[in-house]
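**Q** First, the structure itself, so that you have it in front of you.
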Amino acid sequence: TAFAKLTLQGAYGNQQALFDIATSTNASGSATTSVFRVNANGAVGIGTTTADARFPGYALTVSGTNPNSGVMLVQNTSSAGYSDIGFIDQLGVAGGFVGYGNGSVSASFANAVYIGDGGVNARLLLNPNVNDGNVAVGTTSPYAKLTLWSSSVRATNKAFEVANSASTSLFTIFDSGKLGIATSSPSNNFGFNIGTTTYLGGGTTTAQNGIQLQ
């Protein structure tokens with residue numbers, strides 16, 4: 001039973017490819033390179049005959065061989081368009097997107113590479129042509145070379161943190177502006193806190209270990 005005007009159906013248990021477009025580089029004209037293939041399981045390969053072989057379950061595999069170029073281009077030809085790829089979950093709910101804004105889109109996205117969430121909000125913005133190439137995380141209006149936009153002004157929320165391989169906080173900035181070095185819980189009475197395990201000026205006693213500035 002055909003599903004459309006043209007239906008290609010493989011035999012039961014036969015894993016031979018359903019469809020293939022190939023090029024030829026020899027005098028006999030026989031196929032030498034597959035440029036587009038649909039496998040029996042529905043996986044599509046562009047530039048490869050082994051679609052989903054390395055990562056089973058992937059519906060599309062795109063492979064390139066030119067060392068001087070990329071593999072795939074995504075383009076929206078409208079000057080007010082977004083050249084991006086969106087992602088949805090199993091229920092069809094928008095999960096996020098990554099792309100590039102053309103020159104006539106919203107000022108924040110114009111000529112910028114971005115990563116956004118399901119609410120069409122940019123969470124990471126890289127704009128090499130505006131604001132001297134500033135990078136923004138959580139906002140589309142960076143104030144400096146790197147701007148991290150926090151979600152609140154609460155003292156318990158972290159805007160930035162550096163930790164070591166033992167998951168120990170080394171440097172933390174909170175939404176309230178408090179700063180902690182070698183502590184992730186700076187005192188509420190101080191704006192700047194260095195934990196008691198930090199040595200200053202070569203100190204070796206508990207009394208010499210910490211400093212707090214208000």
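Numbering starts fresh at 1 for the residues of each chain in the structure tokens, the chains themselves are lettered A, B, ... in the order given, and ligands are numbered from 1 as they appear.
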Which residues, written as JSON, numbers by chain, have at least one atom at most 6 Å from region 113-124 of chain A, with only C-alpha atoms counted and residues fewer than 3 positions away on the same chain left out?
**A** {"A": [94, 95, 96, 97, 98, 99, 100, 136, 137, 138]}
**Q** For the residues in that selection, give me N, CA and C atoms as an mmCIF file, in the first residue's frame.
**A**
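After the write, again.cif holds the following:
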data_model
loop_
_atom_site.group_PDB
_atom_site.id
_atom_site.type_symbol
_atom_site.label_atom_id
_atom_site.label_comp_id
_atom_site.auth_asym_id
_atom_site.auth_seq_id
_atom_site.Cartn_x
_atom_site.Cartn_y
_atom_site.Cartn_z
ATOM 1 N N ALA A 94 8.480 23.972 22.531
ATOM 2 C CA ALA A 94 9.764 24.574 22.194
ATOM 3 C C ALA A 94 10.737 24.451 23.356
ATOM 4 N N GLY A 95 11.952 23.976 23.051
ATOM 5 C CA GLY A 95 12.950 23.806 24.090
ATOM 6 C C GLY A 95 14.093 24.782 24.011
ATOM 7 N N GLY A 96 14.397 25.272 22.819
ATOM 8 C CA GLY A 96 15.490 26.218 22.657
ATOM 9 C C GLY A 96 15.875 26.362 21.205
ATOM 10 N N PHE A 97 16.881 27.198 20.949
ATOM 11 C CA PHE A 97 17.306 27.435 19.579
ATOM 12 C C PHE A 97 18.734 27.975 19.586
ATOM 13 N N VAL A 98 19.398 27.832 18.453
ATOM 14 C CA VAL A 98 20.730 28.386 18.257
ATOM 15 C C VAL A 98 20.799 28.908 16.826
ATOM 16 N N GLY A 99 21.383 30.082 16.635
ATOM 17 C CA GLY A 99 21.404 30.627 15.289
ATOM 18 C C GLY A 99 22.099 31.958 15.170
ATOM 19 N N TYR A 100 21.755 32.654 14.073
ATOM 20 C CA TYR A 100 22.377 33.935 13.735
ATOM 21 C C TYR A 100 21.285 34.884 13.250
ATOM 22 N N ALA A 136 27.369 38.439 26.015
ATOM 23 C CA ALA A 136 26.327 38.570 27.030
ATOM 24 C C ALA A 136 25.767 37.201 27.386
ATOM 25 N N VAL A 137 25.588 36.953 28.681
ATOM 26 C CA VAL A 137 24.950 35.737 29.176
ATOM 27 C C VAL A 137 23.742 36.154 29.997
ATOM 28 N N GLY A 138 22.541 35.760 29.550
ATOM 29 C CA GLY A 138 21.320 36.102 30.264
ATOM 30 C C GLY A 138 20.724 37.437 29.893
#
**Q** So that I can see what lies close to Asn164 (chain A), please list as a list of chain:residue names the residues with an atom at most 12 Å from it, counting only C-alpha atoms and leaving out residues fewer than 6 positions away in the same chain.
**A**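 Non-adjacent residues within range: A:Leu170, A:Phe171, A:Ala182.
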**Q** If you run DSSP on this backbone, which residues of region 61-104 of chain A come out as strand (DSSP E or B), and could you give them as a list of chain:residue names?
**A**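 Checking each residue of region 61-104 of chain A, the strand (DSSP E or B) ones are A:Thr61, A:Val62, A:Tyr82, A:Ser83, A:Asp84, A:Ile85, A:Gly86, A:Phe87, A:Ile88, A:Ala94, A:Gly95, A:Gly96, A:Phe97, A:Val98, A:Gly99, A:Tyr100, A:Gly101.
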**Q** How many Å separate CA of Ala43 (chain A) from CA of Ala59 (chain A)?
**A**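 According to the coordinates, CA of Ala43 (chain A) and CA of Ala59 (chain A) are separated by 4.6 Å.
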**Q** Any idea what the distance is between CA of Phe109 (chain A) and CA of Leu125 (chain A)?
**A** 7.8 Å
**Q** Hey, what's within 12 Å of Thr7 (chain A) if we count only C-alpha atoms and toss same-chain stuff fewer than 5 positions away? As a CSV table (one decimal) with N, CA, C and O atoms, in the first residue's frame, please?
**A**
chain,number,residue,atom,x,y,z
A,1,THR,N,0.8,-1.2,0.0
A,1,THR,CA,0.0,0.0,0.0
A,1,THR,C,0.9,1.2,0.0
A,1,THR,O,1.7,1.5,0.9
A,2,ALA,N,0.8,2.0,-1.0
A,2,ALA,CA,1.6,3.2,-1.2
A,2,ALA,C,1.1,4.3,-0.3
A,2,ALA,O,-0.1,4.5,0.0
A,18,LEU,N,17.2,2.2,0.7
A,18,LEU,CA,16.0,2.4,-0.1
A,18,LEU,C,16.2,3.3,-1.3
A,18,LEU,O,15.6,3.2,-2.3
A,19,PHE,N,17.1,4.3,-1.1
A,19,PHE,CA,17.3,5.3,-2.2
A,19,PHE,C,18.7,5.9,-2.1
A,19,PHE,O,19.2,6.1,-1.0
**Q** Could you work out how far CA of Gly103 (chain A) lies from CA of Ser83 (chain A), giving the answer in Å with one decimal?
**A**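 Taking CA of Ser83 (chain A) and CA of Gly103 (chain A), their separation equals 11.1 Å.
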**Q** Using only C-alpha atoms for the distances, tell me which of A:Thr61, A:Ser104, A:Ser141, A:Gly70 is nearest to Tyr82 (chain A).
**A**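 Selected residue with least distance to Tyr82 (chain A): A:Ser104.
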**Q** For Thr49 (chain A), please output as a list in words all residues within 10 Å (counting only C-alpha atoms; exclusion window: fewer than 6 positions along the same chain).
**A** Ala17, Asp20, Thr33, Ser34, Val35, Phe36, Arg37, Val38, Asn39, Thr61 and Ser63 of chain A
**Q** Would you list the contacts of Gly64 (chain A) as a list of chain:residue names, taking every protein, DNA or RNA residue within 10 Å and counting only C-alpha atoms, but skipping same-chain residues closer than 5 positions in sequence?
**A**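 Returned residues: A:Ile46, A:Gly47, A:Thr48, A:Ser69, A:Gly70, A:Val71, A:Met72.
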**Q** Which residue, A:Asn26, A:Asn102, A:Gln90, A:Ser151, has the smallest gap to Asn127 (chain A) when you use only C-alpha atoms?
**A**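 Of the candidates, the smallest distance to Asn127 (chain A) is held by A:Asn102.
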